[in-house]
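*Asks:* Mind looking over this structure? Questions follow.
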Amino acid sequence: MEIRLILKAILFLSLKAIGIPGNLIILGYFAHFRIFTGKLIPADTILFKLSFINLLVVLIRGIPQSLSTLGIQRLFNQQGCCFVIFPYRVCRAMSISMTSLMSCYQNVLLAPSTTYWTTIKKMLVQNLLSITLFFWCLNMTIHLFAMYSFSWGLYLNSTIHVLNLEFCLIIFPSYTDFLIITLSPTVRDLICIGLMSISSVYIVMILYQHMRRVKSIQSTKWNGGSNAEIKAANAVVMLVSMYLCFFGLDNAIGLFSNSTSTSISLELTDARVFFASCYSALSLLEVIATNKKVQLKLKYLP
């Protein structure tokens, strides 16, 4: 077996070993809490949905990618490729959308208690379900268009642009079609990343001011905030930083791939899929490390 395939198998199987049980534990905790208490706070609701989406990302894309490392290639025909790629792209888009929503919500939560920010906070809390459904519909529409814009095949053709995923091939009619289809989601990603970055900078500023005020007046509150909110804000900043790191690498490789009019190498494809999967598989470690309720629940596991 090639060194590339051995390394690929180790990396992707490691992500599965961490991502699947880890996200299931977080989902199980929040589901248990929801059933027996009847309520989740908005931040936990967003986190629950994000964990569910991350689990889907790990399952939908990671398993076929791992099987391909074992020599099982061309797993799917045209319909099979659609069945894997479409939900993966939608779930990947939902992952960035929900992370952006979480950072914006935490931003509003820590904002000064003025009439304007209080109104925004109430609107977000009351419309979380509607916002989530809007994200699902928007991302499904974007990628449904892409599904009808390229062909699928089992054999390479050097005259057209091809994305070789090993378990199936995505064959673009032309390089122009490839750019349109791949860059459209990138615009959405950049908007979400911009919102996350602005929110994170604002949160860091608030945390810095809070630390200075604590030192000066020995208080644990600031503008109605609490220690729990401050810890949650720190967790959100860490999640956003993790996202920007992994998906930044993913998009950087994607933009580099878009600069060539030839078939994309397997190494670049593997690297992009790996970094895109890292956030979905590893973000749960940050959640477990910063969420005291989840940690307390884990103590009682056998």
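Residues in the structure tokens are named by chain (A, B, ... in the order shown) and by number from 1 within that chain; ligands are numbered from 1 in the order shown.
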Please provide the set of residues having any atom within 10 Å of Val90 of chain A, restricted to only C-alpha atoms, with same-chain residues fewer than 5 positions apart removed, written as a list in words.
*Replies:*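 Everything that qualifies: Ile53, Val57, Ile85, Ser95, Phe135, Trp136, Cys137, Leu138, Asn139, Met140, Thr141, Ile142, His143 and Leu144 of chain A.
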*Asks:* Pick from A:Ile35, A:Val58, A:Cys192, A:Cys245: nearest to Tyr88 of chain A, with only C-alpha atoms counted?
*Replies:* A:Val58
*Asks:* Just want the 10 Å neighbourhood of Ile20 of chain A, counted on only C-alpha atoms, with same-chain residues fewer than 5 positions away dropped. Output as a VMD selection string.
*Replies:* chain A and resid 15 25 54 to 59 280 to 281 284
*Asks:* Just the selected residues (all heavy atoms), exported as a PDB file, in the first residue's frame, please.
*Replies:*
```pdb
ATOM      1  N   LEU A  15     -10.014  10.476  12.967  1.00  0.00           N
ATOM      2  CA  LEU A  15     -11.100  11.452  13.069  1.00  0.00           C
ATOM      3  C   LEU A  15     -12.426  10.772  13.349  1.00  0.00           C
ATOM      4  O   LEU A  15     -13.250  11.261  14.126  1.00  0.00           O
ATOM      5  CB  LEU A  15     -11.191  12.271  11.778  1.00  0.00           C
ATOM      6  CG  LEU A  15     -10.082  13.287  11.508  1.00  0.00           C
ATOM      7  CD1 LEU A  15     -10.348  14.033  10.210  1.00  0.00           C
ATOM      8  CD2 LEU A  15      -9.950  14.270  12.663  1.00  0.00           C
ATOM      9  N   ILE A  25     -21.962  11.482  22.351  1.00  0.00           N
ATOM     10  CA  ILE A  25     -22.021  11.756  23.786  1.00  0.00           C
ATOM     11  C   ILE A  25     -22.651  13.118  24.057  1.00  0.00           C
ATOM     12  O   ILE A  25     -23.522  13.263  24.925  1.00  0.00           O
ATOM     13  CB  ILE A  25     -20.609  11.683  24.396  1.00  0.00           C
ATOM     14  CG1 ILE A  25     -20.122  10.231  24.445  1.00  0.00           C
ATOM     15  CG2 ILE A  25     -20.591  12.291  25.804  1.00  0.00           C
ATOM     16  CD1 ILE A  25     -18.682  10.081  24.880  1.00  0.00           C
ATOM     17  N   ASN A  54     -22.343  18.301  12.882  1.00  0.00           N
ATOM     18  CA  ASN A  54     -20.960  17.818  12.809  1.00  0.00           C
ATOM     19  C   ASN A  54     -20.908  16.294  12.737  1.00  0.00           C
ATOM     20  O   ASN A  54     -20.057  15.720  12.043  1.00  0.00           O
ATOM     21  CB  ASN A  54     -20.166  18.311  14.014  1.00  0.00           C
ATOM     22  CG  ASN A  54     -19.822  19.788  13.919  1.00  0.00           C
ATOM     23  OD1 ASN A  54     -19.789  20.359  12.828  1.00  0.00           O
ATOM     24  ND2 ASN A  54     -19.560  20.415  15.046  1.00  0.00           N
ATOM     25  N   LEU A  55     -21.803  15.630  13.443  1.00  0.00           N
ATOM     26  CA  LEU A  55     -21.865  14.171  13.381  1.00  0.00           C
ATOM     27  C   LEU A  55     -22.212  13.717  11.966  1.00  0.00           C
ATOM     28  O   LEU A  55     -21.631  12.750  11.446  1.00  0.00           O
ATOM     29  CB  LEU A  55     -22.902  13.642  14.372  1.00  0.00           C
ATOM     30  CG  LEU A  55     -23.116  12.126  14.374  1.00  0.00           C
ATOM     31  CD1 LEU A  55     -21.844  11.392  14.784  1.00  0.00           C
ATOM     32  CD2 LEU A  55     -24.277  11.759  15.310  1.00  0.00           C
ATOM     33  N   LEU A  56     -23.154  14.404  11.335  1.00  0.00           N
ATOM     34  CA  LEU A  56     -23.523  14.060   9.956  1.00  0.00           C
ATOM     35  C   LEU A  56     -22.345  14.255   9.006  1.00  0.00           C
ATOM     36  O   LEU A  56     -22.133  13.438   8.102  1.00  0.00           O
ATOM     37  CB  LEU A  56     -24.709  14.918   9.503  1.00  0.00           C
ATOM     38  CG  LEU A  56     -26.061  14.644  10.172  1.00  0.00           C
ATOM     39  CD1 LEU A  56     -27.126  15.592   9.626  1.00  0.00           C
ATOM     40  CD2 LEU A  56     -26.483  13.197   9.957  1.00  0.00           C
ATOM     41  N   VAL A  57     -21.584  15.336   9.202  1.00  0.00           N
ATOM     42  CA  VAL A  57     -20.417  15.581   8.349  1.00  0.00           C
ATOM     43  C   VAL A  57     -19.420  14.435   8.466  1.00  0.00           C
ATOM     44  O   VAL A  57     -18.906  13.921   7.462  1.00  0.00           O
ATOM     45  CB  VAL A  57     -19.743  16.922   8.722  1.00  0.00           C
ATOM     46  CG1 VAL A  57     -18.408  17.066   7.996  1.00  0.00           C
ATOM     47  CG2 VAL A  57     -20.657  18.089   8.375  1.00  0.00           C
ATOM     48  N   VAL A  58     -19.152  14.022   9.702  1.00  0.00           N
ATOM     49  CA  VAL A  58     -18.185  12.946   9.934  1.00  0.00           C
ATOM     50  C   VAL A  58     -18.672  11.642   9.308  1.00  0.00           C
ATOM     51  O   VAL A  58     -17.896  10.898   8.685  1.00  0.00           O
ATOM     52  CB  VAL A  58     -17.944  12.752  11.440  1.00  0.00           C
ATOM     53  CG1 VAL A  58     -17.048  11.554  11.689  1.00  0.00           C
ATOM     54  CG2 VAL A  58     -17.294  14.004  12.037  1.00  0.00           C
ATOM     55  N   LEU A  59     -19.954  11.343   9.436  1.00  0.00           N
ATOM     56  CA  LEU A  59     -20.497  10.084   8.923  1.00  0.00           C
ATOM     57  C   LEU A  59     -20.593  10.084   7.399  1.00  0.00           C
ATOM     58  O   LEU A  59     -20.143   9.137   6.735  1.00  0.00           O
ATOM     59  CB  LEU A  59     -21.885   9.829   9.520  1.00  0.00           C
ATOM     60  CG  LEU A  59     -21.946   9.456  11.005  1.00  0.00           C
ATOM     61  CD1 LEU A  59     -23.394   9.426  11.477  1.00  0.00           C
ATOM     62  CD2 LEU A  59     -21.275   8.122  11.248  1.00  0.00           C
ATOM     63  N   SER A 280     -15.409  19.354  12.501  1.00  0.00           N
ATOM     64  CA  SER A 280     -16.573  18.558  12.882  1.00  0.00           C
ATOM     65  C   SER A 280     -16.200  17.451  13.856  1.00  0.00           C
ATOM     66  O   SER A 280     -17.003  17.086  14.727  1.00  0.00           O
ATOM     67  CB  SER A 280     -17.223  17.945  11.635  1.00  0.00           C
ATOM     68  OG  SER A 280     -17.671  18.961  10.760  1.00  0.00           O
ATOM     69  N   ALA A 281     -14.990  16.921  13.727  1.00  0.00           N
ATOM     70  CA  ALA A 281     -14.577  15.803  14.574  1.00  0.00           C
ATOM     71  C   ALA A 281     -13.927  16.253  15.874  1.00  0.00           C
ATOM     72  O   ALA A 281     -14.043  15.571  16.900  1.00  0.00           O
ATOM     73  CB  ALA A 281     -13.613  14.902  13.803  1.00  0.00           C
ATOM     74  N   LEU A 284     -15.746  18.972  19.340  1.00  0.00           N
ATOM     75  CA  LEU A 284     -16.394  18.415  20.526  1.00  0.00           C
ATOM     76  C   LEU A 284     -15.429  18.363  21.713  1.00  0.00           C
ATOM     77  O   LEU A 284     -15.858  18.420  22.872  1.00  0.00           O
ATOM     78  CB  LEU A 284     -16.921  17.017  20.225  1.00  0.00           C
ATOM     79  CG  LEU A 284     -15.881  15.973  19.805  1.00  0.00           C
ATOM     80  CD1 LEU A 284     -15.438  15.142  20.995  1.00  0.00           C
ATOM     81  CD2 LEU A 284     -16.421  15.093  18.714  1.00  0.00           C
TER      82      LEU A 284
END
```
*Asks:* Report the distance between atom CA of Asp189 of chain A and atom CA of Gly62 of chain A in Å, rounded to one decimal place.
*Replies:* 21.0 Å
*Asks:* Name all residues at most 10 Å from Phe275 of chain A (count only C-alpha atoms; drop same-chain ones fewer than 4 positions away) and give them as a PDB file with all heavy atoms, in the first residue's frame.
*Replies:*
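Saved file selection.pdb follows:
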```pdb
ATOM      1  N   TYR A 243     -12.488  26.913  14.113  1.00  0.00           N
ATOM      2  CA  TYR A 243     -13.129  26.892  12.795  1.00  0.00           C
ATOM      3  C   TYR A 243     -12.302  27.658  11.779  1.00  0.00           C
ATOM      4  O   TYR A 243     -12.067  27.179  10.661  1.00  0.00           O
ATOM      5  CB  TYR A 243     -14.535  27.486  12.876  1.00  0.00           C
ATOM      6  CG  TYR A 243     -15.238  27.457  11.546  1.00  0.00           C
ATOM      7  CD1 TYR A 243     -16.036  26.378  11.189  1.00  0.00           C
ATOM      8  CD2 TYR A 243     -15.073  28.479  10.606  1.00  0.00           C
ATOM      9  CE1 TYR A 243     -16.649  26.328   9.958  1.00  0.00           C
ATOM     10  CE2 TYR A 243     -15.670  28.437   9.388  1.00  0.00           C
ATOM     11  CZ  TYR A 243     -16.469  27.361   9.063  1.00  0.00           C
ATOM     12  OH  TYR A 243     -17.058  27.309   7.826  1.00  0.00           O
ATOM     13  N   CYS A 245      -9.224  28.270  11.744  1.00  0.00           N
ATOM     14  CA  CYS A 245      -7.982  27.565  11.448  1.00  0.00           C
ATOM     15  C   CYS A 245      -8.204  26.446  10.433  1.00  0.00           C
ATOM     16  O   CYS A 245      -7.583  26.423   9.363  1.00  0.00           O
ATOM     17  CB  CYS A 245      -7.387  27.005  12.734  1.00  0.00           C
ATOM     18  SG  CYS A 245      -5.893  26.013  12.476  1.00  0.00           S
ATOM     19  N   PHE A 246      -9.126  25.534  10.724  1.00  0.00           N
ATOM     20  CA  PHE A 246      -9.324  24.366   9.876  1.00  0.00           C
ATOM     21  C   PHE A 246      -9.989  24.715   8.547  1.00  0.00           C
ATOM     22  O   PHE A 246      -9.536  24.298   7.474  1.00  0.00           O
ATOM     23  CB  PHE A 246     -10.152  23.309  10.604  1.00  0.00           C
ATOM     24  CG  PHE A 246      -9.418  22.645  11.723  1.00  0.00           C
ATOM     25  CD1 PHE A 246      -9.982  22.528  12.982  1.00  0.00           C
ATOM     26  CD2 PHE A 246      -8.140  22.142  11.531  1.00  0.00           C
ATOM     27  CE1 PHE A 246      -9.306  21.913  14.018  1.00  0.00           C
ATOM     28  CE2 PHE A 246      -7.446  21.522  12.563  1.00  0.00           C
ATOM     29  CZ  PHE A 246      -8.038  21.413  13.814  1.00  0.00           C
ATOM     30  N   PHE A 247     -11.054  25.507   8.593  1.00  0.00           N
ATOM     31  CA  PHE A 247     -11.728  25.831   7.360  1.00  0.00           C
ATOM     32  C   PHE A 247     -10.975  26.885   6.561  1.00  0.00           C
ATOM     33  O   PHE A 247     -11.162  27.012   5.360  1.00  0.00           O
ATOM     34  CB  PHE A 247     -13.172  26.289   7.638  1.00  0.00           C
ATOM     35  CG  PHE A 247     -14.116  25.136   7.803  1.00  0.00           C
ATOM     36  CD1 PHE A 247     -14.201  24.465   8.992  1.00  0.00           C
ATOM     37  CD2 PHE A 247     -14.902  24.705   6.749  1.00  0.00           C
ATOM     38  CE1 PHE A 247     -15.053  23.392   9.160  1.00  0.00           C
ATOM     39  CE2 PHE A 247     -15.761  23.634   6.902  1.00  0.00           C
ATOM     40  CZ  PHE A 247     -15.839  22.974   8.106  1.00  0.00           C
ATOM     41  N   GLY A 248     -10.120  27.660   7.248  1.00  0.00           N
ATOM     42  CA  GLY A 248      -9.245  28.554   6.508  1.00  0.00           C
ATOM     43  C   GLY A 248      -8.279  27.768   5.641  1.00  0.00           C
ATOM     44  O   GLY A 248      -8.050  28.102   4.467  1.00  0.00           O
ATOM     45  N   LEU A 249      -7.720  26.692   6.202  1.00  0.00           N
ATOM     46  CA  LEU A 249      -6.846  25.814   5.422  1.00  0.00           C
ATOM     47  C   LEU A 249      -7.625  25.144   4.299  1.00  0.00           C
ATOM     48  O   LEU A 249      -7.136  25.008   3.170  1.00  0.00           O
ATOM     49  CB  LEU A 249      -6.218  24.764   6.339  1.00  0.00           C
ATOM     50  CG  LEU A 249      -5.175  25.277   7.334  1.00  0.00           C
ATOM     51  CD1 LEU A 249      -4.810  24.190   8.337  1.00  0.00           C
ATOM     52  CD2 LEU A 249      -3.926  25.754   6.596  1.00  0.00           C
ATOM     53  N   ASP A 250      -8.835  24.720   4.606  1.00  0.00           N
ATOM     54  CA  ASP A 250      -9.693  24.083   3.600  1.00  0.00           C
ATOM     55  C   ASP A 250      -9.933  25.019   2.423  1.00  0.00           C
ATOM     56  O   ASP A 250      -9.729  24.655   1.252  1.00  0.00           O
ATOM     57  CB  ASP A 250     -11.013  23.685   4.261  1.00  0.00           C
ATOM     58  CG  ASP A 250     -12.076  23.262   3.252  1.00  0.00           C
ATOM     59  OD1 ASP A 250     -11.727  22.825   2.140  1.00  0.00           O
ATOM     60  OD2 ASP A 250     -13.270  23.354   3.587  1.00  0.00           O
ATOM     61  N   ASN A 251     -10.354  26.250   2.709  1.00  0.00           N
ATOM     62  CA  ASN A 251     -10.648  27.202   1.636  1.00  0.00           C
ATOM     63  C   ASN A 251      -9.391  27.659   0.912  1.00  0.00           C
ATOM     64  O   ASN A 251      -9.426  27.943  -0.287  1.00  0.00           O
ATOM     65  CB  ASN A 251     -11.400  28.414   2.199  1.00  0.00           C
ATOM     66  CG  ASN A 251     -12.862  28.107   2.493  1.00  0.00           C
ATOM     67  OD1 ASN A 251     -13.530  27.459   1.705  1.00  0.00           O
ATOM     68  ND2 ASN A 251     -13.339  28.551   3.639  1.00  0.00           N
ATOM     69  N   ILE A 253      -6.757  25.799   0.305  1.00  0.00           N
ATOM     70  CA  ILE A 253      -6.452  24.727  -0.652  1.00  0.00           C
ATOM     71  C   ILE A 253      -7.446  24.757  -1.801  1.00  0.00           C
ATOM     72  O   ILE A 253      -7.083  24.547  -2.964  1.00  0.00           O
ATOM     73  CB  ILE A 253      -6.492  23.360   0.061  1.00  0.00           C
ATOM     74  CG1 ILE A 253      -5.383  23.290   1.108  1.00  0.00           C
ATOM     75  CG2 ILE A 253      -6.327  22.225  -0.949  1.00  0.00           C
ATOM     76  CD1 ILE A 253      -5.445  22.048   1.976  1.00  0.00           C
ATOM     77  N   ASP A 270      -7.362  15.125  -0.711  1.00  0.00           N
ATOM     78  CA  ASP A 270      -7.300  14.498   0.609  1.00  0.00           C
ATOM     79  C   ASP A 270      -7.076  15.541   1.705  1.00  0.00           C
ATOM     80  O   ASP A 270      -7.716  15.493   2.766  1.00  0.00           O
ATOM     81  CB  ASP A 270      -6.167  13.470   0.656  1.00  0.00           C
ATOM     82  CG  ASP A 270      -6.452  12.257  -0.210  1.00  0.00           C
ATOM     83  OD1 ASP A 270      -7.630  12.059  -0.568  1.00  0.00           O
ATOM     84  OD2 ASP A 270      -5.499  11.516  -0.533  1.00  0.00           O
ATOM     85  N   ALA A 271      -6.167  16.472   1.453  1.00  0.00           N
ATOM     86  CA  ALA A 271      -5.850  17.496   2.450  1.00  0.00           C
ATOM     87  C   ALA A 271      -7.060  18.381   2.719  1.00  0.00           C
ATOM     88  O   ALA A 271      -7.365  18.698   3.883  1.00  0.00           O
ATOM     89  CB  ALA A 271      -4.670  18.345   1.977  1.00  0.00           C
ATOM     90  N   TYR A 279     -12.745  20.125  12.010  1.00  0.00           N
ATOM     91  CA  TYR A 279     -13.597  20.921  12.899  1.00  0.00           C
ATOM     92  C   TYR A 279     -14.769  20.093  13.399  1.00  0.00           C
ATOM     93  O   TYR A 279     -15.092  20.104  14.592  1.00  0.00           O
ATOM     94  CB  TYR A 279     -14.097  22.165  12.173  1.00  0.00           C
ATOM     95  CG  TYR A 279     -15.058  22.985  13.004  1.00  0.00           C
ATOM     96  CD1 TYR A 279     -14.588  23.804  14.024  1.00  0.00           C
ATOM     97  CD2 TYR A 279     -16.426  22.939  12.770  1.00  0.00           C
ATOM     98  CE1 TYR A 279     -15.458  24.550  14.797  1.00  0.00           C
ATOM     99  CE2 TYR A 279     -17.305  23.682  13.537  1.00  0.00           C
ATOM    100  CZ  TYR A 279     -16.823  24.490  14.556  1.00  0.00           C
ATOM    101  OH  TYR A 279     -17.695  25.218  15.321  1.00  0.00           O
ATOM    102  N   SER A 280     -15.409  19.354  12.501  1.00  0.00           N
ATOM    103  CA  SER A 280     -16.573  18.558  12.882  1.00  0.00           C
ATOM    104  C   SER A 280     -16.200  17.451  13.856  1.00  0.00           C
ATOM    105  O   SER A 280     -17.003  17.086  14.727  1.00  0.00           O
ATOM    106  CB  SER A 280     -17.223  17.945  11.635  1.00  0.00           C
ATOM    107  OG  SER A 280     -17.671  18.961  10.760  1.00  0.00           O
TER     108      SER A 280
END
```
